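This is final-v6.txt (compact mmCIF, C-alpha atoms and all ligand atoms).
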```txt
# COMPACT_ATOMS: atom_id res chain seq x y z
CA MET R 1 4.50 -8.87 -25.13
CA LYS R 2 2.17 -11.58 -23.82
CA SER R 3 -0.57 -9.91 -21.83
CA ILE R 4 -2.28 -11.31 -18.77
CA LEU R 5 -4.97 -8.68 -18.97
CA SER R 6 -6.12 -6.27 -21.64
CA VAL R 7 -8.72 -3.55 -21.31
CA HIS R 8 -10.37 -1.97 -24.35
CA ASN R 9 -12.47 1.18 -24.38
CA LEU R 10 -13.80 0.75 -20.89
CA ASP R 11 -16.27 3.31 -19.54
CA LEU R 12 -16.76 3.23 -15.79
CA SER R 13 -19.12 5.37 -13.73
CA ILE R 14 -20.23 5.64 -10.14
CA PRO R 15 -23.45 7.42 -9.16
CA ASN R 16 -23.25 11.03 -10.48
CA ARG R 17 -19.68 10.74 -11.74
CA LYS R 18 -17.81 9.21 -14.64
CA LEU R 19 -14.50 7.73 -13.50
CA PHE R 20 -13.12 6.46 -16.82
CA SER R 21 -13.96 6.99 -20.45
CA ASN R 22 -12.57 4.80 -23.25
CA LEU R 23 -9.85 3.45 -20.98
CA SER R 24 -7.50 1.00 -22.73
CA PHE R 25 -4.31 -0.68 -21.55
CA GLU R 26 -2.51 -4.03 -21.44
CA ILE R 27 -0.67 -5.65 -18.55
CA ALA R 28 2.33 -7.77 -19.52
CA GLN R 29 2.62 -11.24 -18.07
CA GLY R 30 5.45 -11.52 -15.54
CA SER R 31 5.66 -7.77 -14.93
CA LEU R 32 5.20 -5.58 -11.88
CA THR R 33 2.93 -2.69 -12.78
CA CYS R 34 2.22 0.15 -10.37
CA ILE R 35 -1.20 1.75 -10.66
CA THR R 36 -0.99 5.42 -9.74
CA GLY R 37 -3.22 8.48 -9.68
CA GLU R 38 -4.66 11.07 -7.30
CA ASN R 39 -6.82 10.05 -4.36
CA GLY R 40 -10.30 9.28 -5.63
CA VAL R 41 -9.32 8.91 -9.31
CA GLY R 42 -10.72 5.37 -9.24
CA LYS R 43 -7.81 2.96 -8.82
CA THR R 44 -9.57 0.62 -6.39
CA THR R 45 -12.88 0.88 -8.21
CA LEU R 46 -11.17 -0.03 -11.49
CA VAL R 47 -9.50 -3.10 -10.00
CA LYS R 48 -12.75 -4.28 -8.40
CA HIS R 49 -14.58 -3.75 -11.68
CA LEU R 50 -11.99 -5.82 -13.57
CA LEU R 51 -12.34 -8.64 -11.03
CA GLN R 52 -16.12 -8.56 -11.45
CA ASP R 53 -15.81 -8.82 -15.23
CA LEU R 54 -13.45 -11.75 -14.79
CA ALA R 55 -15.78 -13.51 -12.33
CA ASN R 56 -18.72 -13.02 -14.69
CA ASN R 57 -16.79 -14.00 -17.85
CA TYR R 58 -17.69 -10.60 -19.30
CA THR R 59 -15.23 -10.03 -22.14
CA VAL R 60 -16.55 -7.01 -24.04
CA HIS R 61 -14.00 -4.60 -22.55
CA THR R 62 -11.66 -6.91 -20.65
CA VAL R 63 -9.76 -10.00 -21.73
CA PHE R 64 -7.96 -12.03 -19.08
CA ASN R 65 -5.42 -14.78 -19.62
CA VAL R 66 -6.10 -16.08 -16.11
CA LYS R 67 -9.08 -17.56 -14.33
CA ARG R 68 -10.70 -15.84 -11.34
CA ASP R 69 -9.27 -18.35 -8.87
CA GLU R 70 -5.78 -17.60 -10.20
CA VAL R 71 -6.09 -13.98 -9.08
CA GLN R 72 -5.50 -12.84 -5.50
CA TYR R 73 -6.52 -9.37 -4.37
CA VAL R 74 -4.97 -8.00 -1.16
CA PRO R 75 -7.27 -5.15 -0.07
CA GLN R 76 -6.23 -1.78 1.35
CA LEU R 77 -7.91 -2.15 4.72
CA ARG R 78 -8.25 -5.16 7.00
CA ASN R 79 -10.03 -5.57 10.30
CA ILE R 80 -7.03 -6.89 12.19
CA ASP R 81 -6.99 -5.26 15.61
CA ASP R 82 -4.64 -5.87 18.57
CA GLU R 83 -6.86 -8.64 19.94
CA TYR R 84 -7.02 -10.64 16.69
CA PRO R 85 -6.49 -14.14 18.08
CA LEU R 86 -5.00 -16.20 15.24
CA CYS R 87 -1.28 -16.77 15.07
CA ILE R 88 0.51 -15.73 11.90
CA LYS R 89 0.93 -19.29 10.63
CA ASP R 90 -2.79 -20.13 10.98
CA PHE R 91 -3.78 -16.86 9.33
CA VAL R 92 -1.45 -17.54 6.38
CA ALA R 93 -2.76 -21.13 6.10
CA PHE R 94 -6.27 -19.80 5.35
CA GLY R 95 -4.93 -19.17 1.84
CA LEU R 96 -4.29 -22.87 1.18
CA LYS R 97 -6.87 -24.47 -1.04
CA LYS R 98 -8.16 -27.48 0.84
CA ARG R 99 -10.92 -28.40 -1.55
CA ASN R 100 -10.18 -32.09 -1.61
CA PHE R 101 -11.58 -33.87 1.44
CA PHE R 102 -8.65 -36.29 1.36
CA TRP R 103 -6.03 -33.58 1.05
CA ASN R 104 -2.66 -34.67 2.19
CA ARG R 105 -1.33 -32.59 5.05
CA LYS R 106 2.37 -33.12 4.43
CA PRO R 107 2.80 -31.33 1.09
CA LEU R 108 0.51 -28.54 2.25
CA ASN R 109 2.54 -28.06 5.43
CA GLU R 110 5.74 -28.03 3.39
CA LYS R 111 4.28 -25.44 1.09
CA LEU R 112 3.17 -23.34 4.06
CA GLU R 113 6.63 -23.47 5.64
CA GLN R 114 8.22 -22.58 2.30
CA ILE R 115 6.00 -19.51 1.91
CA LEU R 116 6.61 -18.47 5.54
CA THR R 117 10.34 -18.64 4.77
CA GLU R 118 10.00 -16.62 1.57
CA THR R 119 8.06 -13.92 3.39
CA LYS R 120 10.46 -13.95 6.36
CA LEU R 121 7.77 -14.93 8.86
CA THR R 122 9.18 -18.22 10.14
CA ARG R 123 10.68 -16.73 13.32
CA ILE R 124 7.37 -15.15 14.37
CA LYS R 125 4.91 -17.66 12.86
CA ASP R 126 3.47 -18.66 16.26
CA GLN R 127 2.88 -15.10 17.44
CA PRO R 128 -0.61 -13.55 17.28
CA LEU R 129 -1.16 -11.60 14.08
CA GLY R 130 -2.89 -8.87 16.09
CA LYS R 131 0.37 -8.04 17.85
CA ALA R 132 2.48 -8.01 14.67
CA SER R 133 3.96 -4.78 13.31
CA GLY R 134 2.57 -3.11 10.18
CA GLY R 135 5.32 -4.61 8.02
CA GLU R 136 4.84 -8.08 9.48
CA LYS R 137 1.08 -7.87 8.89
CA GLN R 138 1.62 -6.90 5.25
CA ARG R 139 3.99 -9.85 4.83
CA ALA R 140 1.34 -12.14 6.36
CA TYR R 141 -1.30 -10.83 3.89
CA LEU R 142 1.16 -11.47 1.06
CA ALA R 143 1.95 -14.96 2.36
CA GLN R 144 -1.75 -15.84 2.64
CA ALA R 145 -2.31 -14.71 -0.95
CA LEU R 146 0.71 -16.74 -2.17
CA CYS R 147 -0.70 -19.89 -0.57
CA ALA R 148 -3.52 -19.79 -3.13
CA ASP R 149 -1.03 -20.14 -6.05
CA PRO R 150 -2.06 -16.97 -7.87
CA LYS R 151 -0.84 -16.08 -11.34
CA LEU R 152 -1.92 -12.48 -10.86
CA LEU R 153 -1.51 -10.73 -7.52
CA ILE R 154 -3.11 -7.35 -6.89
CA LEU R 155 -2.04 -5.31 -3.87
CA ASP R 156 -3.92 -2.17 -2.89
CA GLU R 157 -1.71 0.39 -1.10
CA ALA R 158 0.18 -2.36 0.72
CA THR R 159 2.95 0.05 1.73
CA ALA R 160 0.74 2.99 2.80
CA SER R 161 1.38 2.66 6.53
CA LEU R 162 4.97 1.40 6.37
CA ASP R 163 8.23 3.25 7.04
CA THR R 164 10.89 3.52 4.34
CA THR R 165 12.81 0.40 5.39
CA ASN R 166 9.69 -1.76 5.48
CA LYS R 167 8.44 -0.39 2.14
CA HIS R 168 11.65 -1.36 0.41
CA GLU R 169 11.73 -4.72 2.14
CA LEU R 170 8.21 -5.51 0.95
CA LEU R 171 8.93 -4.47 -2.63
CA GLN R 172 12.19 -6.43 -2.75
CA MET R 173 10.26 -9.41 -1.45
CA LEU R 174 7.59 -8.92 -4.10
CA ARG R 175 10.19 -8.94 -6.88
CA GLU R 176 11.69 -12.12 -5.46
CA VAL R 177 8.40 -13.98 -5.12
CA MET R 178 7.39 -12.70 -8.54
CA GLN R 179 10.30 -14.57 -10.06
CA GLN R 180 10.03 -17.66 -7.85
CA HIS R 181 6.28 -18.09 -8.42
CA GLY R 182 6.07 -16.80 -12.01
CA LEU R 183 3.70 -14.05 -10.91
CA THR R 184 2.34 -10.92 -12.48
CA ILE R 185 1.80 -8.11 -9.96
CA LEU R 186 -0.44 -5.04 -9.95
CA PHE R 187 0.48 -2.70 -7.15
CA ILE R 188 -1.57 0.36 -6.29
CA THR R 189 0.71 3.01 -4.78
CA HIS R 190 1.36 6.73 -4.39
CA ASP R 191 5.08 6.32 -3.79
CA PRO R 192 7.26 7.62 -6.67
CA GLU R 193 10.46 6.23 -5.13
CA LEU R 194 9.08 2.70 -5.11
CA ILE R 195 7.80 3.04 -8.67
CA GLU R 196 11.20 4.15 -9.98
CA GLN R 197 13.03 1.38 -8.20
CA TYR R 198 10.75 -1.63 -8.50
CA ALA R 199 8.16 -1.18 -11.26
CA ASP R 200 8.44 -2.48 -14.80
CA TYR R 201 5.47 -0.32 -15.80
CA GLU R 202 3.36 2.45 -14.32
CA LEU R 203 -0.30 2.71 -15.24
CA HIS R 204 -1.06 6.35 -14.44
CA LEU R 205 -4.76 7.19 -14.18
CA GLU R 206 -5.81 10.80 -14.72
CA ASP R 207 -8.58 12.79 -16.43
CA GLN R 208 -10.78 9.70 -16.89
CA THR R 209 -8.08 7.88 -18.80
CA GLY R 210 -4.83 6.01 -18.27
CA VAL R 211 -1.35 5.98 -19.73
CA LEU R 212 1.05 3.06 -19.45
CA LEU R 213 4.66 4.14 -18.91
CA GLU R 214 7.64 1.84 -19.15
CA LYS R 215 9.84 2.05 -16.02
CA GLY R 216 12.29 -0.83 -16.47
CA ALA R 217 13.06 -1.73 -12.86
CA LYS R 218 16.06 -3.87 -12.06
CA LYS R 219 15.30 -7.50 -12.78
N1 LIG C 1 -20.05 2.36 -4.59
C1 LIG C 1 -19.73 3.64 -4.68
N2 LIG C 1 -20.69 4.58 -4.64
C2 LIG C 1 -20.39 5.88 -4.74
N3 LIG C 1 -19.15 6.36 -4.85
C3 LIG C 1 -18.15 5.47 -4.88
C4 LIG C 1 -18.37 4.07 -4.80
N4 LIG C 1 -17.19 3.43 -4.84
C5 LIG C 1 -16.27 4.39 -4.97
N5 LIG C 1 -16.82 5.60 -4.99
C6 LIG C 1 -16.15 6.88 -5.18
O1 LIG C 1 -15.40 6.71 -6.38
C7 LIG C 1 -14.22 7.46 -6.35
C8 LIG C 1 -13.03 6.56 -6.62
O2 LIG C 1 -12.77 5.75 -5.48
P1 LIG C 1 -11.54 4.77 -5.40
O3 LIG C 1 -11.52 4.20 -4.02
O4 LIG C 1 -11.60 3.84 -6.54
O5 LIG C 1 -10.34 5.78 -5.62
P2 LIG C 1 -8.79 5.54 -5.46
O6 LIG C 1 -8.15 6.12 -6.67
O7 LIG C 1 -8.53 4.10 -5.18
O8 LIG C 1 -8.49 6.45 -4.20
P3 LIG C 1 -7.40 6.36 -3.02
O9 LIG C 1 -6.05 6.64 -3.63
O10 LIG C 1 -7.84 7.45 -2.09
O11 LIG C 1 -7.51 4.99 -2.40
C9 LIG C 1 -14.17 8.10 -4.98
O12 LIG C 1 -14.62 9.44 -5.11
C10 LIG C 1 -15.13 7.26 -4.15
O13 LIG C 1 -15.71 8.03 -3.12
```

Give the structure from the file, written as structure tokens.
Amino acid sequence: MKSILSVHNLDLSIPNRKLFSNLSFEIAQGSLTCITGENGVGKTTLVKHLLQDLANNYTVHTVFNVKRDEVQYVPQLRNIDDEYPLCIKDFVAFGLKKRNFFWNRKPLNEKLEQILTETKLTRIKDQPLGKASGGEKQRAYLAQALCADPKLLILDEATASLDTTNKHELLQMLREVMQQHGLTILFITHDPELIEQYADYELHLEDQTGVLLEKGAKK
């Protein structure tokens, strides 16, 4: 197994509480791993800590086979209210890396349209994101993250507010884009049905430690 991330004997505390003690696990490249555990166990804190180590090149407890700008984190909460003015396409385009002053618009536009197609947003791309449904918003967050060409994509409770149909649609989409873009995905969730159907692995966090379970989702 080629790992994209390995964690060795990590201790992690917040003020007045130890979240993890001697936590060790590896994440396989090209896999979809669900991170599970009770509310407050430390899933989000762990992910944020790993990203900090990566950004600071701190390799005592964590070894990454990606660079920080190859990782996209889609957070649990966003401030997108009904009045949010940007249309879906413009919101998604924020993910494009336009570092070069002389960047050529045509390939970037083609890439944007391709990602809008993959995330089934083409039909509604000119509508305001603020008026989009929960499922459409999640697809827009995913599309924006894909525009940055990540190798590792981390989604925090992306299905929490979605109905069953939309949850399955998002996970099916994730498996498709995973293959098309050669991605590795970490997906924080509480949903056992989604884990059984779509995860290759489950990293279950409990009692200050974690156990990695093989799930073997359909490829
Ligand atoms: N900066 C901080 N200062 C103090 N406490 C914090 C801080 N960040 C997180 N916590 C606490 O750490 C614990 C773990 O929080 P975290 O959000 O990582 O849990 P989680 O497993 O992602 O939970 P959920 O499933 O509810 O999203 C919680 O009790 C939270 O209140």

* To do: Find the spatial neighbours of Val71 (chain R), counting all atoms listed in the file, within a cut-off of 7 Å - ignore same-chain residues fewer than 6 positions away - and output them as a ChimeraX atom specification.
  => /R:150-153

Go through chain R residue by residue and, counting only C-alpha atoms and all ligand atoms, keep those with an atom at most 10 Å from ligand LIG 1 (chain C); for each kept residue give the shortest atom pair and its distance in Å to one decimal, ordered by chain and increasing number, as a tab-separated table.
```
residue	atom	partner	partner_atom	distance
R:Ser13	CA	C:LIG1	O1	8.3
R:Ile14	CA	C:LIG1	C2	5.4
R:Pro15	CA	C:LIG1	C2	5.6
R:Asn16	CA	C:LIG1	C2	8.2
R:Arg17	CA	C:LIG1	O1	8.0
R:Lys18	CA	C:LIG1	O1	9.0
R:Leu19	CA	C:LIG1	C8	7.1
R:Ile35	CA	C:LIG1	O6	9.1
R:Thr36	CA	C:LIG1	O6	7.8
R:Gly37	CA	C:LIG1	O6	6.2
R:Glu38	CA	C:LIG1	O9	5.9
R:Asn39	CA	C:LIG1	O9	3.6
R:Gly40	CA	C:LIG1	O5	3.5
R:Val41	CA	C:LIG1	O6	4.0
R:Gly42	CA	C:LIG1	O4	3.2
R:Lys43	CA	C:LIG1	O6	3.8
R:Thr44	CA	C:LIG1	O4	3.8
R:Thr45	CA	C:LIG1	O4	3.6
R:Leu46	CA	C:LIG1	O4	6.3
R:Val47	CA	C:LIG1	O4	8.0
R:Lys48	CA	C:LIG1	O4	8.4
R:His49	CA	C:LIG1	O4	9.6
R:Gln76	CA	C:LIG1	O11	7.8
R:Asp156	CA	C:LIG1	O11	8.0
R:Glu157	CA	C:LIG1	O11	7.5
R:Ala160	CA	C:LIG1	O11	10.0
R:Ile188	CA	C:LIG1	O7	8.0
R:Thr189	CA	C:LIG1	O9	7.8
R:His190	CA	C:LIG1	O9	7.4
R:Leu205	CA	C:LIG1	O6	8.3
R:Glu206	CA	C:LIG1	O6	9.6
```

* Separation of CA of Leu171 (chain R) and CA of His204 (chain R), in Å? -> 18.9 Å

* Asked: Of the candidates R:Leu12, R:Ala55, R:Cys34, R:Phe20, which one gets nearest to Leu203 (chain R) if we count only C-alpha atoms?
  -> R:Cys34

* Restricting the calculation to only C-alpha atoms, which member of R:Leu116, R:Ile88, R:Ile185, R:Leu194 is positioned closest to Lys167 (chain R)? ->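 Once distances to Lys167 (chain R) are computed over only C-alpha atoms, the minimum belongs to R:Leu194.
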
Where's the centre, and what are the edge lengths in Å to one decimal, of a box along x, y and z enclosing all listed atoms of region 75-80 of chain R padded 6 Å per side, as AutoDock Vina command-line options?
```
--center_x -8.1 --center_y -4.3 --center_z 6.1 --size_x 15.8 --size_y 17.1 --size_z 24.3
```

* To do: Rank R:His61, R:Lys97, R:His168, R:Arg78 by their smallest atom-to-atom distance to Lys137 (chain R), using all atoms listed in the file, and report the top residue only.
  =>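 Closest candidate: R:Arg78.
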
* **Proximity to Gln144 (chain R) - best of R:Lys106, R:Lys111, R:Lys67, R:His8, only C-alpha atoms** =>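 Nearest candidate to Gln144 (chain R) out of R:Lys106, R:Lys111, R:Lys67, R:His8: R:Lys111.
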
* Name all residues at most 12 Å from Ile80 (chain R) (count all atoms listed in the file; drop same-chain ones fewer than 5 positions away) and give them as a PyMOL selection string. => chain R and resi 85-88+91+128-134+137-138+140-141

* Which residue out of R:Asp163, R:Asp69, R:Asp53, R:Asp149 has the minimum interatomic distance to Asp191 (chain R) when only C-alpha atoms are used? ->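 Among the listed residues, the smallest separation from Asp191 (chain R) belongs to R:Asp163.
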
* To do: Give me, please, the distance in Å between CA of Thr159 (chain R) and CA of Val92 (chain R), quoted to one decimal.
  => 18.7 Å

* Structure fact -> The distance between CA of Glu83 (chain R) and CA of Thr165 (chain R) is 26.1 Å

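Residue nearest Ala199 (chain R), chosen from R:Thr184, R:Leu5, R:Lys89, R:Ser31 and counting all atoms listed in the file: R:Ser31.
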
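Residues in contact with Asn9 (chain R) at up to 6 Å, not including ones fewer than 5 positions away on its chain and judged by all atoms listed in the file, are Asn22, Leu23 and Ser24 of chain R.
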